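Working notes, structure below.
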Amino acid sequence: MSGTDFNDLMWFRIVAEERSFTNAAARIGVAQSTLSHTIKRLETNLGLRLLNRTTRNVATTPAGERLLATVAPRLDEIEDEVAALLALREKPSGSIRLTLSDHAFQTVVWPKLKPFLHHHPDISIEFSLDSGFRNIVEDGFDAGVRLGESVERDMIAARIGPDWRMVAVASPAYLASRKSPEHPRDLLDHDCINMRHETRGGLYAWEFEKEGQEVNVRVDGQLTFNNSYAMMDAVLNGLGVAFVPNSLADPHVESGDLRLLLDDWSPYFDGYFLYYPTRRQNLPVFKLVLDALRHRLP
């Protein structure tokens, strides 16, 4: 077999695992046409059909299943040995792509990775900041950051931040001529600063809970944003009530610039987790970044 057959086998295994050329190409980081050509070349060299392709999915043939069962353990051994060798390097190098929200970036990820990057100048990290839910496999990311309740069950997840909550706040100037809400539905009588979902496109319904009672309120007001930091500027300028992460609001509440509303209706929930799809992330560079995000700087 030619010297390129190792790559061919690796890519065949990924297609078989993903059951999709689209997902496999995104995971590998190559064009779908390149991947398809590679698999056809492997089948031609072996003289066997390894995959059955339909418009909806891809499945291994009996020959493909047998090849996968034979080579997968050996490929795993090779990957592990290469990873162990790379771990011996004095200066780990490589690149990682992460998708996350601006709030996760500013409050959890960036404060931890700034000192990490000074220690590891040969490691590159690309951040894609948006509030929508991204398919990290299809979009070619190595990992993403989400709240614990939002991570899909088939993902590996590691906690990287503390629990937090959403809180309703307003400025003293705004509240000077208005009665503070005593129940979430009282917000319907207030000018509220809305948040629009990037993924679904609709306005976010403010979520409250107290003693097992859940109340979702669709508020109305003059302003709508898709960014919590812009909402903070608006609420500090007395333009309405905002529903924002407590990490953004707490310093202003402590200073007296904002007042906390409906405090007992705002419980804490799981904080941010780094999530990723497969064991291929057990690479030295990825593990270093994960350790940094979990407060274990080398």
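Residues in the structure tokens are numbered from 1 in each chain, the chains being A, B, ... in the order shown, and ligands are numbered from 1 in the order shown.
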
Inset, instruction - Fewer than 4 positions away in the same chain doesn't count, so skip those; otherwise give me all residues within 12 Å of Gln222 of chain A, counting only C-alpha atoms, as a PyMOL selection string. - result: chain A and resi 190-195+231+234-235+238-242

Please build the interface table for segment 121-182 of chain A against segment 5-29 of chain A with a cut-off of 8 Å, listing for each qualifying residue the nearest atom pair and the distance in Å to one decimal; count only C-alpha atoms, order rows by chain and increasing number, and write it as a tab-separated table.
residue	atom	partner	partner_atom	distance
A:Val137	CA	A:Arg27	CA	5.5
A:Glu138	CA	A:Ala26	CA	5.1
A:Asp139	CA	A:Ala26	CA	6.3
A:Gly140	CA	A:Ala26	CA	4.9
A:Phe141	CA	A:Arg27	CA	7.9

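For segment 72-164 of chain A, the set of residues given strand (DSSP E) by DSSP on the backbone reads Gly94, Ser95, Ile96, Arg97, Leu98, Thr99, Leu100, Ile123, Ser124, Ile125, Glu126, Phe127, Ser128, Leu129, Ala143, Gly144, Val145, Arg146, Leu147, Ile156, Ala157, Ala158 and Arg159 of chain A.
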
Could the residues in this selection be written to a file with C-alpha atoms, as a compact mmCIF listing (two decimals), in the first residue's frame?
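Writing the result to selection27.txt gives the following:
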# COMPACT_ATOMS: atom_id res chain seq x y z
CA GLY A 94 -0.98 24.02 17.72
CA SER A 95 -4.25 25.82 17.11
CA ILE A 96 -7.78 25.55 18.52
CA ARG A 97 -11.08 27.08 17.36
CA LEU A 98 -13.72 27.90 19.98
CA THR A 99 -17.30 29.14 19.65
CA LEU A 100 -18.85 30.96 22.62
CA ILE A 123 -0.40 27.95 20.81
CA SER A 124 -2.98 29.81 18.68
CA ILE A 125 -6.65 30.18 19.61
CA GLU A 126 -9.42 31.45 17.34
CA PHE A 127 -12.54 32.74 19.10
CA SER A 128 -15.90 33.02 17.35
CA LEU A 129 -18.21 35.16 19.50
CA ALA A 143 -14.97 22.96 21.11
CA GLY A 144 -17.64 25.33 22.34
CA VAL A 145 -18.74 26.95 25.59
CA ARG A 146 -22.36 26.78 26.76
CA LEU A 147 -24.41 26.68 29.93
CA ILE A 156 -18.17 15.51 26.49
CA ALA A 157 -18.47 18.47 28.87
CA ALA A 158 -16.18 19.96 31.53
CA ARG A 159 -17.21 22.72 33.93

Inset, instruction - Tell me, as a list in words, which residues lie within 9 Å of Arg218 of chain A, counting only C-alpha atoms; anything in the same chain fewer than 6 positions away does not count. - result: Leu187, Leu188, Asn194, Leu203, Tyr204, Ala205 and Trp206 of chain A

Convert the current residue selection to file output with C-alpha atoms, as a JSON list (two decimals), in the first residue's frame.
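For reference, part-v4.json as written:
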[["chain", "number", "residue", "atom", "x", "y", "z"],
["A", 187, "LEU", "CA", -42.89, 43.85, 34.52],
["A", 188, "LEU", "CA", -45.66, 44.16, 31.93],
["A", 194, "ASN", "CA", -35.52, 43.16, 25.27],
["A", 203, "LEU", "CA", -37.51, 37.81, 21.63],
["A", 204, "TYR", "CA", -36.31, 36.14, 24.81],
["A", 205, "ALA", "CA", -39.03, 35.49, 27.41],
["A", 206, "TRP", "CA", -37.66, 36.42, 30.84]]

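Shortest atom-to-atom contact with Tyr174 of chain A among A:His103, A:Lys112, A:Lys91, A:Arg259: A:Arg259, counting only C-alpha atoms.
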
Inset, instruction - Excluding segment 268-274 of chain A and residues on its chain fewer than 2 positions from it, collect all residues at most 12 Å away from it, counting only C-alpha atoms, and give them as a ChimeraX atom specification. - result: /A:98-101,103-105,107-109,136,142-152,155-167,207-210,245-247,263-266,276-277,281,286-287,289-294

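Interatomic distance, atom CA of Thr34 of chain A to atom CA of Glu81 of chain A: 27.2 Å.
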
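Near Pro121 of chain A, within a cut-off of 9 Å and counting only C-alpha atoms, sit the residues A:Lys91, A:Pro92, A:Ser93, A:Phe116, A:Leu117, A:His118, A:Ser124, with same-chain residues fewer than 3 positions away left out.
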
Selection above as a file: N, CA, C and O atoms, as an mmCIF file, in the first residue's frame:
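And here's selection-v2.cif as it stands now:
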data_model
loop_
_atom_site.group_PDB
_atom_site.id
_atom_site.type_symbol
_atom_site.label_atom_id
_atom_site.label_comp_id
_atom_site.auth_asym_id
_atom_site.auth_seq_id
_atom_site.Cartn_x
_atom_site.Cartn_y
_atom_site.Cartn_z
ATOM 1 N N LYS A 91 7.975 23.169 24.077
ATOM 2 C CA LYS A 91 7.058 24.246 23.738
ATOM 3 C C LYS A 91 5.887 23.681 22.931
ATOM 4 O O LYS A 91 5.979 23.556 21.705
ATOM 5 N N PRO A 92 4.815 23.302 23.586
ATOM 6 C CA PRO A 92 3.650 22.776 22.854
ATOM 7 C C PRO A 92 3.160 23.799 21.839
ATOM 8 O O PRO A 92 3.163 25.008 22.100
ATOM 9 N N SER A 93 2.746 23.312 20.683
ATOM 10 C CA SER A 93 2.254 24.220 19.651
ATOM 11 C C SER A 93 1.028 23.607 18.990
ATOM 12 O O SER A 93 0.818 22.402 19.017
ATOM 13 N N PHE A 116 -2.452 32.285 30.271
ATOM 14 C CA PHE A 116 -2.068 31.046 29.595
ATOM 15 C C PHE A 116 -1.323 31.337 28.297
ATOM 16 O O PHE A 116 -0.304 30.705 27.989
ATOM 17 N N LEU A 117 -1.809 32.287 27.517
ATOM 18 C CA LEU A 117 -1.188 32.610 26.226
ATOM 19 C C LEU A 117 0.204 33.192 26.399
ATOM 20 O O LEU A 117 1.079 33.002 25.547
ATOM 21 N N HIS A 118 0.430 33.900 27.487
ATOM 22 C CA HIS A 118 1.788 34.401 27.756
ATOM 23 C C HIS A 118 2.747 33.245 28.021
ATOM 24 O O HIS A 118 3.918 33.314 27.642
ATOM 25 N N SER A 124 -2.081 28.809 19.262
ATOM 26 C CA SER A 124 -2.982 29.810 18.680
ATOM 27 C C SER A 124 -4.425 29.423 18.971
ATOM 28 O O SER A 124 -4.790 28.250 18.865
#

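Taking atom CA of Ser228 of chain A and atom CA of Val244 of chain A as endpoints, the distance between them is 6.3 Å.
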
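For the set A:Thr44, A:Ser171, A:Asn57, A:Ser36, the residue with the smallest atom-to-atom gap to Asn237 of chain A is A:Ser171, counting only C-alpha atoms.
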
As an mmCIF file with all heavy atoms, in the first residue's frame, please: every residue in segment 165-298 of chain A that DSSP puts in alpha helix (DSSP H).
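To be explicit, this is the file written out as result_12.cif:
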data_model
loop_
_atom_site.group_PDB
_atom_site.id
_atom_site.type_symbol
_atom_site.label_atom_id
_atom_site.label_comp_id
_atom_site.auth_asym_id
_atom_site.auth_seq_id
_atom_site.Cartn_x
_atom_site.Cartn_y
_atom_site.Cartn_z
ATOM 1 N N PRO A 172 -31.835 53.835 39.762
ATOM 2 C CA PRO A 172 -32.658 54.626 40.683
ATOM 3 C C PRO A 172 -33.441 55.721 39.960
ATOM 4 O O PRO A 172 -34.581 56.015 40.327
ATOM 5 C CB PRO A 172 -31.625 55.219 41.646
ATOM 6 C CG PRO A 172 -30.485 54.238 41.616
ATOM 7 C CD PRO A 172 -30.429 53.767 40.193
ATOM 8 N N ALA A 173 -32.852 56.316 38.927
ATOM 9 C CA ALA A 173 -33.546 57.375 38.185
ATOM 10 C C ALA A 173 -34.786 56.823 37.496
ATOM 11 O O ALA A 173 -35.850 57.470 37.493
ATOM 12 C CB ALA A 173 -32.603 57.995 37.164
ATOM 13 N N TYR A 174 -34.677 55.644 36.906
ATOM 14 C CA TYR A 174 -35.838 55.048 36.248
ATOM 15 C C TYR A 174 -36.922 54.725 37.266
ATOM 16 O O TYR A 174 -38.116 54.935 37.018
ATOM 17 C CB TYR A 174 -35.425 53.770 35.509
ATOM 18 C CG TYR A 174 -36.599 52.971 34.990
ATOM 19 C CD1 TYR A 174 -37.201 53.283 33.777
ATOM 20 C CD2 TYR A 174 -37.145 51.924 35.745
ATOM 21 C CE1 TYR A 174 -38.306 52.573 33.318
ATOM 22 C CE2 TYR A 174 -38.239 51.211 35.292
ATOM 23 C CZ TYR A 174 -38.813 51.538 34.079
ATOM 24 O OH TYR A 174 -39.921 50.843 33.639
ATOM 25 N N LEU A 175 -36.543 54.213 38.436
ATOM 26 C CA LEU A 175 -37.511 53.784 39.436
ATOM 27 C C LEU A 175 -38.087 54.934 40.250
ATOM 28 O O LEU A 175 -39.023 54.731 41.030
ATOM 29 C CB LEU A 175 -36.861 52.767 40.380
ATOM 30 C CG LEU A 175 -36.487 51.409 39.761
ATOM 31 C CD1 LEU A 175 -35.644 50.600 40.735
ATOM 32 C CD2 LEU A 175 -37.732 50.640 39.355
ATOM 33 N N SER A 228 -25.654 41.523 25.812
ATOM 34 C CA SER A 228 -25.875 41.907 27.208
ATOM 35 C C SER A 228 -25.127 43.171 27.596
ATOM 36 O O SER A 228 -25.589 43.933 28.453
ATOM 37 C CB SER A 228 -25.445 40.760 28.139
ATOM 38 O OG SER A 228 -26.240 39.616 27.939
ATOM 39 N N TYR A 229 -23.966 43.405 26.983
ATOM 40 C CA TYR A 229 -23.183 44.582 27.344
ATOM 41 C C TYR A 229 -23.867 45.862 26.870
ATOM 42 O O TYR A 229 -23.843 46.888 27.565
ATOM 43 C CB TYR A 229 -21.770 44.455 26.769
ATOM 44 C CG TYR A 229 -21.011 43.319 27.408
ATOM 45 C CD1 TYR A 229 -21.059 42.030 26.884
ATOM 46 C CD2 TYR A 229 -20.276 43.514 28.572
ATOM 47 C CE1 TYR A 229 -20.399 40.975 27.490
ATOM 48 C CE2 TYR A 229 -19.598 42.468 29.184
ATOM 49 C CZ TYR A 229 -19.665 41.200 28.642
ATOM 50 O OH TYR A 229 -19.009 40.167 29.259
ATOM 51 N N ALA A 230 -24.504 45.811 25.708
ATOM 52 C CA ALA A 230 -25.275 46.960 25.244
ATOM 53 C C ALA A 230 -26.485 47.186 26.142
ATOM 54 O O ALA A 230 -26.861 48.334 26.437
ATOM 55 C CB ALA A 230 -25.724 46.740 23.798
ATOM 56 N N MET A 231 -27.110 46.114 26.601
ATOM 57 C CA MET A 231 -28.236 46.233 27.527
ATOM 58 C C MET A 231 -27.807 46.903 28.823
ATOM 59 O O MET A 231 -28.543 47.721 29.395
ATOM 60 C CB MET A 231 -28.826 44.852 27.811
ATOM 61 C CG MET A 231 -29.461 44.175 26.613
ATOM 62 S SD MET A 231 -30.013 42.484 26.968
ATOM 63 C CE MET A 231 -31.405 42.828 28.045
ATOM 64 N N MET A 232 -26.617 46.570 29.295
ATOM 65 C CA MET A 232 -26.115 47.175 30.521
ATOM 66 C C MET A 232 -25.948 48.683 30.365
ATOM 67 O O MET A 232 -26.295 49.460 31.268
ATOM 68 C CB MET A 232 -24.775 46.541 30.910
ATOM 69 C CG MET A 232 -24.895 45.169 31.533
ATOM 70 S SD MET A 232 -25.815 45.184 33.103
ATOM 71 C CE MET A 232 -24.855 46.357 34.050
ATOM 72 N N ASP A 233 -25.443 49.124 29.242
ATOM 73 C CA ASP A 233 -25.277 50.557 29.018
ATOM 74 C C ASP A 233 -26.636 51.255 29.021
ATOM 75 O O ASP A 233 -26.793 52.347 29.589
ATOM 76 C CB ASP A 233 -24.560 50.805 27.689
ATOM 77 C CG ASP A 233 -24.211 52.269 27.494
ATOM 78 O OD1 ASP A 233 -23.361 52.779 28.245
ATOM 79 O OD2 ASP A 233 -24.809 52.912 26.607
ATOM 80 N N ALA A 234 -27.628 50.623 28.410
ATOM 81 C CA ALA A 234 -28.970 51.206 28.351
ATOM 82 C C ALA A 234 -29.604 51.294 29.738
ATOM 83 O O ALA A 234 -30.203 52.313 30.099
ATOM 84 C CB ALA A 234 -29.855 50.400 27.403
ATOM 85 N N VAL A 235 -29.484 50.237 30.533
ATOM 86 C CA VAL A 235 -30.119 50.249 31.853
ATOM 87 C C VAL A 235 -29.422 51.242 32.776
ATOM 88 O O VAL A 235 -30.063 51.906 33.609
ATOM 89 C CB VAL A 235 -30.168 48.833 32.460
ATOM 90 C CG1 VAL A 235 -28.793 48.373 32.919
ATOM 91 C CG2 VAL A 235 -31.158 48.776 33.611
ATOM 92 N N LEU A 236 -28.109 51.384 32.646
ATOM 93 C CA LEU A 236 -27.386 52.358 33.459
ATOM 94 C C LEU A 236 -27.767 53.789 33.112
ATOM 95 O O LEU A 236 -27.639 54.700 33.945
ATOM 96 C CB LEU A 236 -25.873 52.162 33.289
ATOM 97 C CG LEU A 236 -25.287 50.934 33.992
ATOM 98 C CD1 LEU A 236 -23.870 50.656 33.502
ATOM 99 C CD2 LEU A 236 -25.288 51.136 35.521
ATOM 100 N N ASN A 246 -25.957 38.095 36.381
ATOM 101 C CA ASN A 246 -25.631 38.780 37.635
ATOM 102 C C ASN A 246 -24.177 39.233 37.697
ATOM 103 O O ASN A 246 -23.856 40.212 38.384
ATOM 104 C CB ASN A 246 -25.958 37.884 38.837
ATOM 105 C CG ASN A 246 -24.990 36.718 38.975
ATOM 106 O OD1 ASN A 246 -25.011 35.786 38.170
ATOM 107 N ND2 ASN A 246 -24.151 36.747 39.989
ATOM 108 N N SER A 247 -23.301 38.550 36.971
ATOM 109 C CA SER A 247 -21.896 38.956 36.979
ATOM 110 C C SER A 247 -21.706 40.350 36.394
ATOM 111 O O SER A 247 -20.765 41.062 36.771
ATOM 112 C CB SER A 247 -21.042 37.954 36.183
ATOM 113 O OG SER A 247 -21.505 37.852 34.848
ATOM 114 N N LEU A 248 -22.590 40.758 35.485
ATOM 115 C CA LEU A 248 -22.529 42.105 34.927
ATOM 116 C C LEU A 248 -23.204 43.121 35.838
ATOM 117 O O LEU A 248 -22.763 44.264 35.950
ATOM 118 C CB LEU A 248 -23.196 42.139 33.539
ATOM 119 C CG LEU A 248 -22.638 41.219 32.471
ATOM 120 C CD1 LEU A 248 -23.341 41.477 31.136
ATOM 121 C CD2 LEU A 248 -21.142 41.401 32.319
ATOM 122 N N ALA A 249 -24.274 42.695 36.484
ATOM 123 C CA ALA A 249 -25.070 43.629 37.283
ATOM 124 C C ALA A 249 -24.525 43.849 38.690
ATOM 125 O O ALA A 249 -24.629 44.959 39.235
ATOM 126 C CB ALA A 249 -26.509 43.128 37.356
ATOM 127 N N ASP A 250 -23.963 42.813 39.311
ATOM 128 C CA ASP A 250 -23.592 42.877 40.728
ATOM 129 C C ASP A 250 -22.720 44.080 41.089
ATOM 130 O O ASP A 250 -22.985 44.757 42.102
ATOM 131 C CB ASP A 250 -22.904 41.582 41.157
ATOM 132 C CG ASP A 250 -23.878 40.425 41.295
ATOM 133 O OD1 ASP A 250 -25.099 40.683 41.255
ATOM 134 O OD2 ASP A 250 -23.430 39.272 41.419
ATOM 135 N N PRO A 251 -21.652 44.385 40.327
ATOM 136 C CA PRO A 251 -20.826 45.547 40.715
ATOM 137 C C PRO A 251 -21.612 46.851 40.745
ATOM 138 O O PRO A 251 -21.373 47.711 41.611
ATOM 139 C CB PRO A 251 -19.735 45.570 39.632
ATOM 140 C CG PRO A 251 -19.686 44.182 39.105
ATOM 141 C CD PRO A 251 -21.087 43.685 39.153
ATOM 142 N N HIS A 252 -22.555 47.015 39.824
ATOM 143 C CA HIS A 252 -23.346 48.236 39.768
ATOM 144 C C HIS A 252 -24.414 48.266 40.861
ATOM 145 O O HIS A 252 -24.786 49.349 41.326
ATOM 146 C CB HIS A 252 -23.983 48.372 38.387
ATOM 147 C CG HIS A 252 -22.988 48.444 37.278
ATOM 148 N ND1 HIS A 252 -22.220 49.559 37.023
ATOM 149 C CD2 HIS A 252 -22.610 47.512 36.356
ATOM 150 C CE1 HIS A 252 -21.433 49.336 35.994
ATOM 151 N NE2 HIS A 252 -21.646 48.101 35.564
ATOM 152 N N VAL A 253 -24.896 47.088 41.259
ATOM 153 C CA VAL A 253 -25.828 47.020 42.388
ATOM 154 C C VAL A 253 -25.103 47.400 43.676
ATOM 155 O O VAL A 253 -25.619 48.157 44.511
ATOM 156 C CB VAL A 253 -26.451 45.612 42.499
ATOM 157 C CG1 VAL A 253 -27.279 45.478 43.778
ATOM 158 C CG2 VAL A 253 -27.331 45.323 41.282
ATOM 159 N N GLU A 254 -23.883 46.887 43.839
ATOM 160 C CA GLU A 254 -23.101 47.188 45.039
ATOM 161 C C GLU A 254 -22.742 48.669 45.127
ATOM 162 O O GLU A 254 -22.704 49.243 46.214
ATOM 163 C CB GLU A 254 -21.831 46.332 45.046
ATOM 164 C CG GLU A 254 -22.093 44.846 45.233
ATOM 165 C CD GLU A 254 -20.841 44.008 45.062
ATOM 166 O OE1 GLU A 254 -19.748 44.614 44.894
ATOM 167 O OE2 GLU A 254 -20.945 42.766 45.095
ATOM 168 N N SER A 255 -22.507 49.300 43.969
ATOM 169 C CA SER A 255 -22.148 50.723 43.966
ATOM 170 C C SER A 255 -23.363 51.642 44.091
ATOM 171 O O SER A 255 -23.211 52.843 44.330
ATOM 172 C CB SER A 255 -21.395 51.069 42.678
ATOM 173 O OG SER A 255 -22.262 50.988 41.544
ATOM 174 N N PRO A 284 -2.406 17.047 23.396
ATOM 175 C CA PRO A 284 -1.719 17.850 24.414
ATOM 176 C C PRO A 284 -2.146 19.310 24.432
ATOM 177 O O PRO A 284 -2.374 19.876 25.504
ATOM 178 C CB PRO A 284 -0.242 17.703 24.011
ATOM 179 C CG PRO A 284 -0.168 16.392 23.322
ATOM 180 C CD PRO A 284 -1.461 16.259 22.577
ATOM 181 N N VAL A 285 -2.270 19.939 23.253
ATOM 182 C CA VAL A 285 -2.631 21.357 23.219
ATOM 183 C C VAL A 285 -4.034 21.569 23.774
ATOM 184 O O VAL A 285 -4.276 22.471 24.585
ATOM 185 C CB VAL A 285 -2.526 21.902 21.779
ATOM 186 C CG1 VAL A 285 -3.140 23.295 21.677
ATOM 187 C CG2 VAL A 285 -1.064 21.940 21.338
ATOM 188 N N PHE A 286 -4.960 20.730 23.362
ATOM 189 C CA PHE A 286 -6.336 20.864 23.849
ATOM 190 C C PHE A 286 -6.394 20.648 25.357
ATOM 191 O O PHE A 286 -7.100 21.361 26.068
ATOM 192 C CB PHE A 286 -7.248 19.872 23.138
ATOM 193 C CG PHE A 286 -8.700 20.058 23.451
ATOM 194 C CD1 PHE A 286 -9.471 20.971 22.756
ATOM 195 C CD2 PHE A 286 -9.301 19.332 24.469
ATOM 196 C CE1 PHE A 286 -10.809 21.159 23.050
ATOM 197 C CE2 PHE A 286 -10.639 19.511 24.776
ATOM 198 C CZ PHE A 286 -11.399 20.428 24.061
ATOM 199 N N LYS A 287 -5.667 19.688 25.851
ATOM 200 C CA LYS A 287 -5.680 19.403 27.280
ATOM 201 C C LYS A 287 -5.070 20.559 28.062
ATOM 202 O O LYS A 287 -5.530 20.869 29.168
ATOM 203 C CB LYS A 287 -4.916 18.104 27.555
ATOM 204 C CG LYS A 287 -5.634 16.860 27.023
ATOM 205 C CD LYS A 287 -4.827 15.599 27.222
ATOM 206 C CE LYS A 287 -4.725 15.208 28.679
ATOM 207 N NZ LYS A 287 -4.021 13.915 28.849
ATOM 208 N N LEU A 288 -4.060 21.219 27.502
ATOM 209 C CA LEU A 288 -3.480 22.382 28.171
ATOM 210 C C LEU A 288 -4.498 23.513 28.291
ATOM 211 O O LEU A 288 -4.615 24.154 29.337
ATOM 212 C CB LEU A 288 -2.241 22.864 27.398
ATOM 213 C CG LEU A 288 -0.957 22.048 27.574
ATOM 214 C CD1 LEU A 288 0.103 22.537 26.599
ATOM 215 C CD2 LEU A 288 -0.445 22.143 29.006
ATOM 216 N N VAL A 289 -5.225 23.753 27.196
ATOM 217 C CA VAL A 289 -6.245 24.801 27.213
ATOM 218 C C VAL A 289 -7.350 24.443 28.204
ATOM 219 O O VAL A 289 -7.807 25.298 28.981
ATOM 220 C CB VAL A 289 -6.824 25.013 25.801
ATOM 221 C CG1 VAL A 289 -8.026 25.955 25.836
ATOM 222 C CG2 VAL A 289 -5.755 25.573 24.868
ATOM 223 N N LEU A 290 -7.784 23.190 28.201
ATOM 224 C CA LEU A 290 -8.825 22.757 29.124
ATOM 225 C C LEU A 290 -8.371 22.926 30.574
ATOM 226 O O LEU A 290 -9.130 23.394 31.433
ATOM 227 C CB LEU A 290 -9.196 21.300 28.849
ATOM 228 C CG LEU A 290 -10.244 20.674 29.780
ATOM 229 C CD1 LEU A 290 -11.539 21.481 29.755
ATOM 230 C CD2 LEU A 290 -10.507 19.228 29.379
ATOM 231 N N ASP A 291 -7.131 22.542 30.864
ATOM 232 C CA ASP A 291 -6.612 22.709 32.216
ATOM 233 C C ASP A 291 -6.589 24.185 32.625
ATOM 234 O O ASP A 291 -6.884 24.519 33.775
ATOM 235 C CB ASP A 291 -5.207 22.117 32.323
ATOM 236 C CG ASP A 291 -5.207 20.600 32.386
ATOM 237 O OD1 ASP A 291 -6.290 20.032 32.608
ATOM 238 O OD2 ASP A 291 -4.144 20.002 32.199
ATOM 239 N N ALA A 292 -6.220 25.049 31.692
ATOM 240 C CA ALA A 292 -6.198 26.486 31.987
ATOM 241 C C ALA A 292 -7.592 26.997 32.327
ATOM 242 O O ALA A 292 -7.783 27.782 33.261
ATOM 243 C CB ALA A 292 -5.620 27.263 30.817
ATOM 244 N N LEU A 293 -8.587 26.528 31.562
ATOM 245 C CA LEU A 293 -9.957 26.969 31.807
ATOM 246 C C LEU A 293 -10.518 26.383 33.104
ATOM 247 O O LEU A 293 -11.488 26.915 33.648
ATOM 248 C CB LEU A 293 -10.839 26.571 30.624
ATOM 249 C CG LEU A 293 -10.551 27.325 29.328
ATOM 250 C CD1 LEU A 293 -11.381 26.750 28.181
ATOM 251 C CD2 LEU A 293 -10.860 28.815 29.494
#
